[in-house]
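Engineer: Dropping in input01.txt, with compact mmCIF, C-alpha atoms.
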```
# COMPACT_ATOMS: atom_id res chain seq x y z
CA MET A 453 98.09 64.22 126.54
CA GLU A 454 96.64 67.67 126.00
CA GLN A 455 99.90 68.72 124.37
CA ASP A 456 99.70 65.78 121.97
CA ASN A 457 96.19 66.84 121.03
CA ASN A 458 97.41 70.39 120.46
CA HIS A 459 100.26 69.19 118.27
CA SER A 460 98.03 66.96 116.19
CA GLY A 461 95.53 69.84 115.93
CA ASP A 462 98.34 72.14 114.73
CA ARG A 463 99.41 69.55 112.18
CA GLU A 464 95.84 69.36 110.91
CA VAL A 465 95.63 73.12 110.61
CA ASP A 466 98.97 73.07 108.79
CA ALA A 467 97.60 70.48 106.41
CA VAL A 468 94.39 72.42 105.76
CA LEU A 469 96.26 75.69 105.28
CA ARG A 470 98.35 74.03 102.56
CA HIS A 471 95.21 74.20 100.43
CA ALA A 472 95.26 78.01 100.56
CA SER A 473 96.28 79.96 97.47
CA ARG A 474 99.86 81.09 97.03
CA PRO A 475 99.43 84.24 95.01
CA PRO A 476 102.12 84.83 92.41
CA ILE A 477 103.57 88.32 92.06
CA PRO A 478 101.73 90.11 89.25
CA ALA A 479 103.75 90.27 86.04
CA GLY A 480 105.85 93.40 85.84
CA ALA A 481 105.28 94.32 89.50
CA MET A 482 108.99 94.70 90.21
CA ASP A 483 109.46 96.90 87.14
CA ARG A 484 106.56 99.09 88.21
CA LEU A 485 108.02 99.36 91.71
CA MET A 486 111.45 100.36 90.40
CA ALA A 487 109.84 102.87 88.03
CA ARG A 488 108.13 104.51 91.01
CA ILE A 489 111.38 104.44 92.95
CA ALA A 490 113.12 106.23 90.09
CA GLU A 491 110.57 109.04 90.31
CA GLU A 492 110.67 109.30 94.08
CA PRO A 493 113.29 111.54 95.68
CA GLN A 494 115.00 110.33 98.81
CA GLN A 495 114.85 112.37 101.96
CA ALA A 496 118.13 114.05 102.68
CA ARG A 497 119.72 112.27 105.60
CA VAL A 498 121.71 115.28 106.67
CA ILE A 499 119.88 118.51 107.34
CA ALA A 500 121.96 121.42 106.22
CA PHE A 501 121.64 124.12 108.81
CA VAL A 502 122.03 127.62 107.48
CA PRO A 503 124.52 129.33 109.79
CA ARG A 504 123.05 132.35 111.57
CA ALA A 505 124.58 135.61 110.52
CA ARG A 506 127.00 136.58 113.28
CA ARG A 507 127.65 140.19 114.17
CA ARG A 508 131.25 141.18 114.52
CA ALA A 509 132.34 141.21 118.12
CA THR A 510 133.50 144.71 119.05
CA VAL A 511 135.76 145.80 121.88
CA TRP A 512 132.96 148.07 123.17
CA ARG A 513 130.88 145.01 124.09
CA TYR A 514 133.30 144.42 126.96
CA ALA A 515 132.97 148.00 128.22
CA ALA A 516 129.84 146.94 130.11
CA ALA A 517 132.01 144.80 132.38
CA VAL A 518 134.13 147.78 133.55
CA PRO A 519 131.57 149.45 135.88
CA LEU A 520 130.65 146.01 137.30
CA ALA A 521 134.29 145.26 138.09
CA ALA A 522 134.82 148.72 139.55
CA SER A 523 131.71 148.37 141.73
CA LEU A 524 132.94 145.01 143.05
CA ALA A 525 136.40 146.41 143.82
CA LEU A 526 134.95 149.44 145.66
CA GLY A 527 132.68 147.16 147.72
CA VAL A 528 135.59 144.95 148.74
CA TRP A 529 137.71 147.97 149.68
CA LEU A 530 135.00 149.67 151.73
CA GLY A 531 134.10 146.43 153.51
CA ALA A 532 137.70 145.63 154.34
CA ASN A 533 138.61 148.94 156.01
CA GLY A 534 135.35 149.30 157.95
CA ARG A 535 134.36 152.71 156.56
CA ILE A 536 130.77 151.66 156.02
CA ASP A 537 130.27 149.62 159.18
CA PHE A 538 127.98 152.37 160.55
CA LEU A 539 125.59 151.52 157.71
CA MET A 540 125.48 147.83 158.64
CA PRO A 541 123.17 146.35 161.31
CA SER A 542 124.88 145.65 164.62
CA ALA A 543 124.17 141.91 164.17
CA VAL A 544 126.78 141.99 161.43
CA THR A 545 129.29 144.44 162.84
CA GLY A 546 128.64 144.42 166.62
CA GLY A 547 130.53 142.73 169.43
CA VAL A 548 128.34 139.62 169.42
CA ALA A 549 128.95 139.08 165.73
CA LEU A 550 132.64 139.61 166.17
CA ASN A 551 132.70 137.37 169.30
CA ASP A 552 134.59 140.05 171.24
CA ASP A 553 134.48 138.28 174.61
CA ALA A 554 136.11 135.10 173.33
CA PRO A 555 139.77 134.59 174.10
CA VAL A 556 141.98 135.46 171.21
CA ASP A 557 143.16 131.85 170.84
CA ASP A 558 139.65 130.37 170.90
CA LEU A 559 137.98 131.57 167.75
CA GLY A 560 135.98 128.37 167.27
CA GLY A 561 133.89 128.64 170.43
CA VAL A 562 135.40 125.54 172.06
CA GLY A 563 135.89 127.48 175.32
CA ASP A 564 132.20 128.36 175.40
CA ALA A 565 131.31 124.69 175.08
CA TYR A 566 133.51 123.79 178.06
CA ALA A 567 132.09 126.69 180.04
CA GLU A 568 128.54 125.43 179.40
CA GLU A 569 129.49 121.89 180.51
CA GLY A 570 130.91 123.35 183.71
CA THR A 571 127.63 125.05 184.58
CA THR A 572 125.50 121.86 184.29
CA MET B 1378 125.79 91.32 100.28
CA THR B 1379 123.85 91.51 103.55
CA ASP B 1380 120.67 93.52 103.97
CA ALA B 1381 122.67 95.97 106.08
CA GLY B 1382 125.12 96.59 103.26
CA LEU B 1383 122.32 96.94 100.73
CA LEU B 1384 120.46 99.35 102.99
CA GLU B 1385 123.55 101.48 103.37
CA ALA B 1386 124.05 101.55 99.62
CA ALA B 1387 120.36 102.34 99.08
CA ALA B 1388 120.64 105.16 101.58
CA GLY B 1389 123.38 106.53 99.37
CA GLY B 1390 120.91 106.56 96.48
CA SER B 1391 121.86 103.27 94.80
CA HIS B 1392 118.92 102.02 92.73
CA ALA B 1393 120.73 98.73 92.10
CA ALA B 1394 121.02 98.05 95.83
CA PHE B 1395 117.36 98.87 96.33
CA ALA B 1396 116.39 96.59 93.44
CA GLU B 1397 118.23 93.78 95.21
CA ILE B 1398 116.36 94.52 98.46
CA ALA B 1399 113.10 94.47 96.54
CA SER B 1400 113.92 91.20 94.80
CA ARG B 1401 114.65 89.61 98.19
CA HIS B 1402 111.62 90.84 100.07
CA TYR B 1403 108.91 91.86 97.61
CA GLN B 1404 107.36 88.42 97.34
CA PRO B 1405 106.64 87.81 101.04
CA VAL B 1406 105.44 91.38 101.50
CA TYR B 1407 103.13 91.11 98.50
CA ARG B 1408 101.80 87.74 99.68
CA LEU B 1409 101.08 89.15 103.14
CA VAL B 1410 99.26 92.15 101.70
CA TRP B 1411 97.35 89.92 99.29
CA ARG B 1412 96.24 87.74 102.19
CA MET B 1413 95.33 90.74 104.34
CA THR B 1414 93.35 92.43 101.55
CA ASN B 1415 91.69 89.13 100.61
CA GLY B 1416 93.29 89.24 97.20
CA GLY B 1417 92.22 92.84 96.67
CA ALA B 1418 93.24 94.70 93.55
CA ASP B 1419 95.18 97.26 95.57
CA ALA B 1420 97.54 94.63 97.03
CA GLU B 1421 100.29 95.74 94.67
CA ASP B 1422 99.79 99.41 95.58
CA VAL B 1423 100.06 98.65 99.28
CA ALA B 1424 103.16 96.51 98.82
CA GLN B 1425 104.72 99.29 96.76
CA GLU B 1426 103.86 101.77 99.49
CA ALA B 1427 105.95 99.81 102.00
CA PHE B 1428 108.95 99.78 99.68
CA LEU B 1429 108.55 103.46 98.81
CA LYS B 1430 108.58 104.30 102.50
CA LEU B 1431 111.82 102.39 102.82
CA TRP B 1432 113.32 104.09 99.78
CA ARG B 1433 112.45 107.58 100.98
CA ASN B 1434 114.32 107.08 104.22
CA PRO B 1435 116.32 103.85 104.55
CA GLY B 1436 117.81 105.22 107.77
CA GLN B 1437 114.55 104.59 109.62
CA VAL B 1438 115.30 100.84 109.73
CA ARG B 1439 117.22 100.63 112.97
CA GLU B 1440 118.08 96.96 112.73
CA ALA B 1441 119.01 95.94 109.22
CA ALA B 1442 118.83 92.25 110.15
CA ALA B 1443 115.11 92.67 110.78
CA LEU B 1444 114.42 94.39 107.46
CA LYS B 1445 111.90 91.77 106.33
CA GLY B 1446 109.95 92.18 109.56
CA TRP B 1447 110.10 95.97 109.22
CA LEU B 1448 108.69 95.84 105.70
CA MET B 1449 105.96 93.47 106.81
CA ARG B 1450 105.00 95.71 109.71
CA VAL B 1451 104.80 98.75 107.43
CA ALA B 1452 102.76 96.81 104.88
CA ALA B 1453 100.42 95.41 107.53
CA ASN B 1454 99.89 98.88 109.00
CA ALA B 1455 99.17 100.24 105.52
CA VAL B 1456 96.54 97.54 104.99
CA ILE B 1457 94.95 98.27 108.36
CA ASP B 1458 94.95 102.02 107.62
CA ARG B 1459 93.26 101.44 104.28
CA SER B 1460 90.70 99.09 105.74
CA ARG B 1461 89.70 101.77 108.26
CA ARG B 1462 89.22 104.45 105.63
CA PRO B 1463 85.63 104.97 104.62
CA ARG B 1464 84.90 103.17 101.39
CA GLY B 1465 83.25 104.95 98.47
CA THR B 1466 81.54 101.91 97.02
CA PRO B 1467 78.05 101.37 98.38
CA LEU B 1468 77.23 97.85 99.47
CA GLU B 1469 74.85 97.16 96.59
CA GLU B 1470 77.60 97.96 94.07
CA ALA B 1471 80.17 95.72 95.71
CA PRO B 1472 81.06 92.65 93.65
CA GLU B 1473 79.43 89.48 94.81
CA VAL B 1474 81.80 86.88 96.18
CA ALA B 1475 81.05 83.46 94.78
CA ASP B 1476 80.37 80.79 97.35
CA PRO B 1477 83.26 78.39 96.97
CA GLN B 1478 80.99 75.51 97.83
CA ALA B 1479 77.86 76.10 95.79
CA ARG B 1480 76.91 72.45 96.03
CA PRO B 1481 77.69 71.25 99.52
CA ASP B 1482 77.37 67.57 98.61
CA ALA B 1483 79.84 67.70 95.70
CA PRO B 1484 83.46 66.73 96.46
CA LEU B 1485 85.91 69.62 96.51
CA ASP B 1486 88.48 69.89 93.78
CA ARG B 1487 91.82 71.59 94.39
CA ALA B 1488 90.72 75.05 93.21
CA GLN B 1489 87.53 74.91 95.24
CA ALA B 1490 89.46 73.83 98.31
CA ALA B 1491 91.84 76.76 97.83
CA ARG B 1492 88.95 79.22 97.46
CA LEU B 1493 87.19 77.74 100.46
CA VAL B 1494 90.23 77.95 102.73
CA ASP B 1495 91.06 81.47 101.42
CA SER B 1496 87.53 82.66 102.14
CA ARG B 1497 87.58 81.26 105.67
CA ILE B 1498 90.96 82.86 106.37
CA ALA B 1499 89.57 86.11 105.00
CA ALA B 1500 86.69 85.88 107.46
CA LEU B 1501 89.03 85.79 110.46
CA PRO B 1502 89.51 88.99 112.46
CA GLU B 1503 92.29 91.20 111.09
CA ARG B 1504 94.94 90.54 113.71
CA GLN B 1505 94.32 86.80 113.79
CA ARG B 1506 94.65 86.72 110.00
CA LEU B 1507 97.85 88.70 110.20
CA ALA B 1508 99.32 86.39 112.85
CA LEU B 1509 98.34 83.32 110.83
CA SER B 1510 99.78 84.75 107.60
CA LEU B 1511 103.08 85.67 109.21
CA VAL B 1512 103.63 82.36 110.94
CA TYR B 1513 102.00 79.82 108.61
CA PHE B 1514 102.48 81.37 105.19
CA GLU B 1515 105.63 83.45 105.60
CA GLY B 1516 107.42 81.15 108.00
CA LEU B 1517 108.30 83.78 110.58
CA THR B 1518 109.13 82.53 114.04
CA ASN B 1519 106.76 83.45 116.84
CA ILE B 1520 109.29 85.99 118.11
CA GLU B 1521 109.61 87.63 114.68
CA ALA B 1522 105.86 87.65 114.13
CA ALA B 1523 105.28 89.13 117.59
CA ALA B 1524 107.73 91.91 116.71
CA VAL B 1525 105.85 92.63 113.47
CA LEU B 1526 102.55 92.77 115.34
CA GLU B 1527 104.18 94.72 118.18
CA VAL B 1528 102.77 92.35 120.78
CA SER B 1529 104.28 89.90 123.24
CA VAL B 1530 104.96 86.31 122.18
CA ASP B 1531 102.19 85.17 124.53
CA ALA B 1532 99.74 87.52 122.86
CA LEU B 1533 100.81 86.25 119.45
CA GLU B 1534 100.31 82.65 120.53
CA SER B 1535 96.88 83.55 121.80
CA LEU B 1536 96.03 85.16 118.43
CA LEU B 1537 97.28 82.06 116.62
CA SER B 1538 95.33 79.76 118.87
CA ARG B 1539 92.12 81.71 118.32
CA ALA B 1540 92.77 81.83 114.58
CA ARG B 1541 93.28 78.06 114.42
CA ARG B 1542 90.15 77.46 116.46
CA GLY B 1543 88.14 79.89 114.33
CA LEU B 1544 89.38 78.27 111.16
CA LYS B 1545 88.58 74.80 112.41
CA ASP B 1546 85.08 75.87 113.45
CA SER B 1547 84.30 77.60 110.19
CA LEU B 1548 85.61 74.66 108.16
CA SER B 1549 84.19 71.95 110.41
CA ALA B 1550 81.90 70.61 107.68
CA GLU B 1551 84.77 70.24 105.21
CA TRP B 1552 87.60 69.55 107.67
CA ARG B 1553 87.82 65.79 107.10
CA GLU B 1554 87.53 66.21 103.37
CA LEU B 1555 90.29 68.82 103.32
CA LEU B 1556 92.54 66.54 105.34
CA GLY B 1557 91.62 63.56 103.18
CA GLY B 1558 92.24 65.57 100.02
CA LEU B 1559 95.82 65.96 101.14
CA ALA B 1560 96.22 62.22 101.40
CA GLU B 1561 94.88 61.81 97.86
CA THR B 1562 97.27 64.40 96.46
CA GLY B 1563 100.14 62.73 98.27
CA GLN B 1564 100.92 65.63 100.63
```
Write the structure described by the file as structure tokens, please.
Structural biologist:
Amino acid sequence: MEQDNNHSGDREVDAVLRHASRPPIPAGAMDRLMARIAEEPQQARVIAFVPRARRRATVWRYAAAVPLAASLALGVWLGANGRIDFLMPSAVTGGVALNDDAPVDDLGGVGDAYAEEGTT
Amino acid sequence: MTDAGLLEAAAGGSHAAFAEIASRHYQPVYRLVWRMTNGGADAEDVAQEAFLKLWRNPGQVREAAALKGWLMRVAANAVIDRSRRPRGTPLEEAPEVADPQARPDAPLDRAQAARLVDSRIAALPERQRLALSLVYFEGLTNIEAAAVLEVSVDALESLLSRARRGLKDSLSAEWRELLGGLAETGQ
């Protein structure tokens, strides 16, 4: 019922709005628009980036890597043969860290786990 | 050619393609602006502004199928922007708007009825007027009109409902006559 009233109300509004003016386009409006368009530049759609001047890559740029590589190699060599162990804390180089008391075939500490179970 | 094809050609700088776009959409855009500016003299300027914005960068229209709606949104925003700018003309210098019904007892003729309805539409709040213009005068669907107004369909329907109610209230004295006038003119 309410919907019917709404529809009839809408139809009435439609009917009343038909009285409203329908403005015609002013004479020559399209010509004036196209004349303005002709004067107006379009924005470029593609932005041309100016490439940054690149310096020539020289062989000497890679020279900086040589001392770094040498330092790394020396560190690996010294660490591997134990010559600098006396400089390291015992937590890193001592018997506990190296798990000296573990059997040679039990490097994962499984034996310790069994031993602990046995004590409880 | 579709609007999408024309837009692409216009983006490539084709004046002919843009002229075709303008011939398709200028009229509804102009009518909307005219309605929103209450028939103001700058209606043509505002309509042109919308098309110039399109010409400068056709790529900004993301959905070519909704070109008409895009143009209407730009035009409506331009009208709203202008209406918010401070006006230079002091009130006493503003032209006097003739009362469309100078003699309330006289029957309305067609021109008077048009002026009366126009003036009452003009008195509606901006967004209600815009919603009414899009749906009633430009034949946009509620979904399209909601997109132009950038509101939900529910919000648009609410605007339309308030506009209809406002119109009916402001024309209550002439409502029957306006409806009867239609019967006489065979509409």
Engineer: Do you know which residues are at most 12 Å from Thr1414 (chain B) counting only C-alpha atoms, after dropping those on the same chain fewer than 2 positions away, and could you put them as a PyMOL selection string?
Structural biologist: chain B and resi 1407-1412+1416-1424+1452-1460+1495-1496+1498-1501+1503+1506-1507+1510
Engineer: What is the CA of Ile489 (chain A) to CA of Val1525 (chain B) distance in Å?
Structural biologist: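 Computing the Euclidean distance for CA of Ile489 (chain A) and CA of Val1525 (chain B) yields 24.3 Å.
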Engineer: For chain B, which residue out of A:Gln494, A:Arg470, A:Arg484, A:Ala517 is the nearest one, using all atoms listed in the file?
Structural biologist: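 Counting all atoms listed in the file, the residue closest to chain B is A:Gln494.
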Engineer: Please provide as number ranges by chain all residues within 9 Å of Leu1429 (chain B), with the sequence filter that same-chain residues fewer than 2 positions apart are discarded (counting all atoms listed in the file).
Structural biologist: A: 485, 488-489, 492; B: 1424-1427, 1431-1434
Engineer: What does the structure give for the distance between CA of Arg1461 (chain B) and CA of Leu1544 (chain B), in Å to one decimal?
Structural biologist: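 Those two atoms sit 23.7 Å apart.
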Engineer: Specify as JSON, numbers by chain all residues of chain A found within 6 Å of chain B, counting only C-alpha atoms.
Structural biologist: {"A": [468, 471, 472, 473, 494, 495]}
Engineer: Rounded to one decimal in Å, what is the spacing between CA of Gly547 (chain A) and CA of Gly534 (chain A)?
Structural biologist: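 Distance reported for this atom pair: 14.1 Å.
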Engineer: Enclose all atoms of region 1404-1416 of chain B listed in the file in an axis-aligned box, grow every side by 6 Å, and hand back centre and edge lengths in Å to one decimal, as lines of an AutoDock Vina configuration file.
Structural biologist:
```
center_x = 99.5
center_y = 90.1
center_z = 100.8
size_x = 27.7
size_y = 16.7
size_z = 19.1
```
Engineer: Tell me which of B:Ala1386, B:Ala1550, B:Leu1533, B:Ile1398 sits closest to Leu1517 (chain B), counting all atoms listed in the file.
Structural biologist: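 Selected residue with least distance to Leu1517 (chain B): B:Leu1533.
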Engineer: What's the 9 Å shell around Ala1443 (chain B), counting all atoms listed in the file, without same-chain residues fewer than 5 positions away, as a list in words?
Structural biologist: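 Near neighbours after the sequence-gap exclusion: Asp1380, Val1438, Leu1448 and Glu1521 of chain B.
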